[in-house]
Amino acid sequence: MESLRQQKVARLLQKALGDFFLKEGKSFNPSGLTSVTKVRISPDLSVARIYLSLLGPGSTHQIIDALIAASRSIRFQLGKELGKSLRIVPELHFYHDDSAEYAQRIDDLLHQIGKSGPSESKK
């Protein structure tokens, strides 16, 4: 279970990264939208696992790889923005969050089952 401090730092990073992707997101995902769905912080506040939802065309692996390559510069920019709130900006690890795609797939399957109607019972 996350401590209150971990939750506060996670919310702060999620908001700052959301603003960052709003401004600079086109350089990583030119034809789509990047949103931060979840941020998890290690207990010592040194590592942040950032889960991203990537909408639009393009390879998610390429976008995540580009973000991993640029994580030091992103961390530096976050440090300039959050310098008054955080003493040390955690190391950033980016991951693709596919929960929205998974939920959409389940919804499609349920819709298909509903279309086919109830199956006939065996006699």
# chains A, B, ... in the order shown; residues from 1 in each chain; ligands from 1

call {"tool": "residues_around", "arguments": {"residues": "A:Leu52", "least_positions_apart": "2", "cutoff": "10 Å", "atoms": "only C-alpha atoms", "output": "ChimeraX atom specification"}}
result
/A:18,34-39,49-50,54-55,60,64,94-98

call {"tool": "select_by_dssp", "arguments": {"residues": "stretch 22-110 of chain A", "states": "strand (DSSP E)", "output": "ChimeraX atom specification"}}
result
/A:33-41,47-55,91-96

call {"tool": "atom_distance", "arguments": {"atom1": "atom CA of A:Gln62", "atom2": "atom CA of A:Ala48"}}
result
20.4 Å

call {"tool": "closest_residue", "arguments": {"among": "A:Val47, A:Arg11, A:Ile63, A:Arg5", "to": "A:Ser27", "atoms": "only C-alpha atoms"}}
result
A:Ile63

call {"tool": "residues_around", "arguments": {"residues": "A:Ser3", "least_positions_apart": "4", "cutoff": "9 Å", "atoms": "only C-alpha atoms", "output": "list in words"}}
result
Gln7, Lys8 and Pro43 of chain A

call {"tool": "write_last_selection", "arguments": {"atoms": "C-alpha atoms", "output": "JSON list (two decimals), in the first residue's frame"}}
result
[["chain", "number", "residue", "atom", "x", "y", "z"],
["A", 7, "GLN", "CA", 0.37, 9.32, -3.37],
["A", 8, "LYS", "CA", 1.03, 13.07, -3.24],
["A", 43, "PRO", "CA", 8.75, 3.72, -1.37]]

call {"tool": "closest_residue", "arguments": {"among": "A:Val9, A:Leu33, A:Ile113, A:Leu78", "to": "A:Ser53", "atoms": "only C-alpha atoms"}}
result
A:Leu33
